[in-house]
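Reading through the structure tokens given below for one structure.
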Amino acid sequence: MRVGIQSEMIRSELEEVVGQDFISVDRIDQLIYSTDWSWMPQMWLDRGQKLMPPDYIVQPGSVEEITAIMEIANKYRIPVIPFGGGSGTQGGALPVYGGIIVDLKRLDKILEIDEKSLTVRAEAGIILSQLEWAVNEKGLMLPHYPASANCATLGGCLAPRGTGTTSTKYGKAEDMVLNMEVVLPTGEIIHTPPVPQHASGPDFFRLFLGAEGTFGIITKATMQLDYLPETRYLRALLFDDLGNALEAGRQIMTKRFDPFVIRLYDPTETLSRIKKILGYELEGAYMVLGFDGDPDLAALQERKALEICTALDARDLGREPGERWWEHRYDFYYPPQSLKLPWMYGTTETITTYDKIENLYWAEKKAVEEGFAEWDARFIGHFSHWFHWGVMLYCRFIIENPPEDPEEALRLHNRVWNTAMTAVLENGGMINEHHGVGLKLARYMRRQYGDAWPFMLRLKKTIDPNGIMNPGKVGFGF
Ligand SMILES: Cc1cc2nc3c(=O)[nH]c(=O)nc-3n(C[C@H](O)[C@H](O)[C@H](O)COP(=O)(O)OP(=O)(O)OC[C@H]3O[C@@H](n4cnc5c(N)ncnc54)[C@H](O)[C@@H]3O)c2cc1C
């Protein structure tokens, strides 16, 4: 943490930019902004340990103010950490080297809704559900529905390449973005081309998707909208065999029957979480299937998908349990059902192609459960975001009685992650699909990218010559 005369000089320069109401160096704010939603800082604080606080917290009101903040940061070589809702689970917004937290939530305006092209242009600090409610009033939707929609910002969803509940039909957040305004680490404000699909040179705008604030700050985005669906059908199925269920999902996707959701729970999660929703126990792999849009088309797609499932020995449980799941789909992420301290837990989500996914699931489960049997480690999972070539596995490890000593707990936590990530990488998976890399997975980037990693490091050096942007994240700037 910076102290003394120079610290006060920087503070007053920042204050000149944002105004005295929008800068803080208060201890309580520093504490609040020293954690996000990841387990590591929460456990650390819970056990009375000190985290690295930011030096300054600023809330700029315009893109020009962000440019001026970047100039100050470059002059004094201070880290700049973009901060949206702070709901990230990977430590991406943690000020591990101190510096300036740039909280973007004042940039929350909706600039234009185009009802002909079905697009919305908004500032990046807007909370996702506020954006959604505004477009709903026009009969439209922005179909990026993460379970954190009430606290995540638009920029915070694009920066780590987030995925929402209806991604199987509508895509990831990055598939819905047409163009962006970005402030580079040098302070320059740039605009990407108006549309992403063209042949006018390389698609450089994708560089900012997944950079998690290490390549600059996304300040505005134009997003693709859809009409609110006329109908929405949900239904539940039960498979005896997880392999058959995965095969059913694969066939539905490769035959392009276009479900908006396929959520497949492994037998362990079926016994625990699904029981909490339904109030009764089911043995097997529970699948929820959803179709929406034009009623005739959705009914046909559902019938075709059901034919696939019954041919693979699924039991059709009907609409009601599927609809009940839809109503309660976010319950697991919030108290009283969410995982909480003092337990140790982590979401080791991954993605791979259909030919590898089942092996990957069993390999990771075995590695975690057998590797940490002395800690009674549990591994649960579901498959939630389906593509034409593969599917995402959202799995969690849970240790109910971790060591009390914070350093020992952190060591165990890192060992479990290491075991899980090794299993993922050895079985053809990516280190994650939608939560981002942040601080937690930074150490696996070299292994994930292999011969392409030096190229990524050179890109970073070119875009951010002084290494001010979010150091320590995504594998950059240690
Ligand atoms: C209960 C719960 C449920 C969740 N469910 C989902 C889910 O279903 N799907 C999903 O994808 N994620 C989910 N998440 C994770 C998290 O909400 C998402 O990653 C979300 O997109 C983060 O948005 P945020 O505004 O809170 O970003 P933050 O946590 O503030 O930041 C995340 C990262 O993005 C960077 N960043 C933030 N804003 C910008 C910007 N404007 N420009 C450049 N960089 C920026 C930050 O520096 C940081 O590295 C969940 C989290 C919680 C707590």
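Chain identifiers are assigned as A, B, and so on, following the order in which chains appear in the structure tokens; residues are numbered from 1 within each chain, and ligands are numbered from 1 in order of appearance.
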
What are the nearest atom pairs, with distances in Å to one decimal, for all residues of chain A that come at most 6 Å from ligand 1, using only C-alpha atoms and all ligand atoms, set out by chain and rising residue number as a Markdown table?
```
| residue | atom | partner | partner_atom_place_in_ligand_line | distance |
| --- | --- | --- | --- | --- |
| A:Trp37 | CA | ligand 1 | 53 (C) | 5.5 |
| A:Ile81 | CA | ligand 1 | 47 (O) | 5.3 |
| A:Pro82 | CA | ligand 1 | 47 (O) | 4.1 |
| A:Phe83 | CA | ligand 1 | 30 (O) | 4.0 |
| A:Gly84 | CA | ligand 1 | 30 (O) | 3.3 |
| A:Gly85 | CA | ligand 1 | 26 (O) | 3.3 |
| A:Gly86 | CA | ligand 1 | 29 (O) | 3.4 |
| A:Ser87 | CA | ligand 1 | 26 (O) | 3.6 |
| A:Gly88 | CA | ligand 1 | 29 (O) | 3.4 |
| A:Thr89 | CA | ligand 1 | 15 (C) | 5.5 |
| A:Gly92 | CA | ligand 1 | 49 (O) | 3.4 |
| A:Ala93 | CA | ligand 1 | 48 (C) | 4.1 |
| A:Ala124 | CA | ligand 1 | 41 (N) | 5.2 |
| A:Pro146 | CA | ligand 1 | 8 (O) | 3.2 |
| A:Ala147 | CA | ligand 1 | 5 (N) | 3.9 |
| A:Ser148 | CA | ligand 1 | 3 (C) | 4.1 |
| A:Ala152 | CA | ligand 1 | 25 (O) | 3.7 |
| A:Thr153 | CA | ligand 1 | 25 (O) | 3.7 |
| A:Gly155 | CA | ligand 1 | 41 (N) | 3.7 |
| A:Gly156 | CA | ligand 1 | 25 (O) | 3.5 |
| A:Cys157 | CA | ligand 1 | 21 (O) | 3.2 |
| A:Ala159 | CA | ligand 1 | 34 (O) | 4.8 |
| A:Pro160 | CA | ligand 1 | 34 (O) | 5.6 |
| A:Gly162 | CA | ligand 1 | 11 (O) | 3.3 |
| A:Thr163 | CA | ligand 1 | 11 (O) | 4.1 |
| A:Gly164 | CA | ligand 1 | 8 (O) | 4.9 |
| A:Glu212 | CA | ligand 1 | 49 (O) | 4.1 |
| A:Gly213 | CA | ligand 1 | 44 (N) | 3.4 |
| A:Gly216 | CA | ligand 1 | 43 (C) | 5.9 |
| A:Ile217 | CA | ligand 1 | 42 (N) | 3.7 |
| A:Ile218 | CA | ligand 1 | 42 (N) | 3.8 |
| A:Thr219 | CA | ligand 1 | 41 (N) | 5.6 |
| A:Tyr333 | CA | ligand 1 | 1 (C) | 4.5 |
| A:His434 | CA | ligand 1 | 11 (O) | 4.7 |
| A:His435 | CA | ligand 1 | 19 (O) | 4.9 |
| A:Gly438 | CA | ligand 1 | 49 (O) | 5.7 |
```

Just want the 10 Å neighbourhood of region 20-35 of chain A, counted on only C-alpha atoms, with same-chain residues fewer than 5 positions away dropped. Output as a short mmCIF file (atom, residue, chain, number, x, y, z; two decimals) with C-alpha atoms, in the first residue's frame.
```cif
data_model
loop_
_atom_site.label_atom_id
_atom_site.label_comp_id
_atom_site.auth_asym_id
_atom_site.auth_seq_id
_atom_site.Cartn_x
_atom_site.Cartn_y
_atom_site.Cartn_z
CA ARG A 11 -4.78 10.86 -4.71
CA SER A 12 -5.24 14.56 -5.45
CA LEU A 14 -7.15 11.34 -9.31
CA GLU A 15 -9.56 13.56 -7.38
CA MET A 40 -9.53 -17.61 -1.50
CA PRO A 41 -9.98 -13.98 -0.36
CA GLN A 42 -13.27 -14.76 1.35
CA TRP A 44 -8.67 -15.32 4.14
CA LEU A 45 -10.83 -12.47 5.45
CA LYS A 50 -5.16 -9.15 5.92
CA LEU A 51 -5.57 -8.92 2.15
CA MET A 52 -3.76 -6.57 -0.20
CA PRO A 53 -6.08 -3.54 -0.40
CA PRO A 54 -6.28 -1.14 -3.33
CA ASP A 55 -4.66 2.26 -2.77
CA TYR A 56 -7.45 4.22 -4.42
CA ILE A 57 -10.99 3.47 -5.50
CA VAL A 58 -12.35 5.71 -8.23
CA GLN A 59 -15.73 5.78 -9.92
CA PRO A 60 -15.31 7.59 -13.23
CA GLY A 61 -18.36 9.19 -14.85
CA PHE A 83 -14.15 -3.53 -11.32
CA GLY A 86 -17.22 -7.89 -8.15
CA SER A 87 -19.15 -11.15 -8.67
CA GLY A 88 -16.25 -12.87 -10.43
CA GLY A 91 -9.98 -13.38 -8.25
CA GLY A 92 -9.92 -11.35 -11.50
CA ALA A 93 -10.78 -8.05 -9.82
CA LEU A 94 -8.48 -8.45 -6.80
CA PRO A 95 -5.86 -5.68 -6.40
CA VAL A 96 -3.07 -8.13 -5.62
CA GLY A 98 -2.50 -2.55 -4.79
CA ILE A 100 -6.34 1.99 -8.57
CA ILE A 101 -9.66 0.18 -8.59
CA VAL A 102 -11.75 1.62 -11.41
CA ASP A 103 -15.34 0.87 -10.43
CA ARG A 106 -21.50 4.91 -12.84
#
```

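With only C-alpha atoms as the atoms that count, the residue of A:Ser38, A:Gly171, A:Leu410, A:Gln90 with the shortest distance to Leu439 (chain A) is A:Gln90.
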
Problem set entry | Who sits within 7 Å of Ala420 (chain A), only C-alpha atoms, same chain under 4 positions skipped, as a VMD selection string | chain A and resid 364 367 to 368 416 424

For this session: Could you give me, as a PyMOL selection string, the residues within 7 Å of Leu271 (chain A), counting only C-alpha atoms and dropping anything in the same chain fewer than 5 positions from it?
Result: chain A and resi 281-283

Skip Gln224 (chain A) itself and residues of its chain fewer than 6 positions away, then list as a compact mmCIF listing (two decimals) with N, CA and C atoms, in the first residue's frame all residues within 8 Å of it, counting only C-alpha atoms.
```txt
# COMPACT_ATOMS: atom_id res chain seq x y z
N LEU A 118 -32.60 -5.09 -33.93
CA LEU A 118 -32.64 -5.76 -32.62
C LEU A 118 -31.28 -5.68 -31.93
N THR A 119 -30.87 -4.46 -31.62
CA THR A 119 -29.62 -4.29 -30.88
C THR A 119 -29.81 -3.26 -29.77
N VAL A 120 -28.96 -3.33 -28.78
CA VAL A 120 -28.94 -2.30 -27.74
C VAL A 120 -27.50 -1.86 -27.54
N LEU A 142 -32.21 -9.67 -23.89
CA LEU A 142 -30.77 -9.89 -24.11
C LEU A 142 -30.50 -11.26 -23.48
N MET A 176 -22.96 -12.40 -28.60
CA MET A 176 -24.03 -11.40 -28.76
C MET A 176 -23.48 -10.00 -28.99
N VAL A 177 -22.16 -9.82 -28.90
CA VAL A 177 -21.63 -8.45 -28.99
C VAL A 177 -21.27 -8.12 -30.44
N LEU A 178 -21.75 -6.95 -30.87
CA LEU A 178 -21.47 -6.51 -32.25
C LEU A 178 -20.23 -5.63 -32.31
```

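What separates CA of Lys75 (chain A) from CA of Val3 (chain A) is a distance of 17.2 Å.
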
Problem set entry | Arg319 (chain A) surroundings by only C-alpha atoms, 8 Å radius, close-in-sequence under 3 positions cut, as JSON, numbers by chain | {"A": [233, 234, 235, 236, 322, 323]}

Problem set entry | Residues within 10 Å of Ala423 (chain A), only C-alpha atoms, excluding chain neighbours under 5 positions, as a PyMOL selection string | chain A and resi 360-368+417-418+428-429+431

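Considering only C-alpha atoms, the residue among A:Tyr170, A:Tyr286, A:Trp325, A:Phe215 positioned nearest to Pro471 (chain A) is A:Phe215.
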
Problem set entry | region 26-86 of chain A: residues DSSP assigns to strand (DSSP E), reported as a VMD selection string | chain A and resid 56 to 58 80 to 83
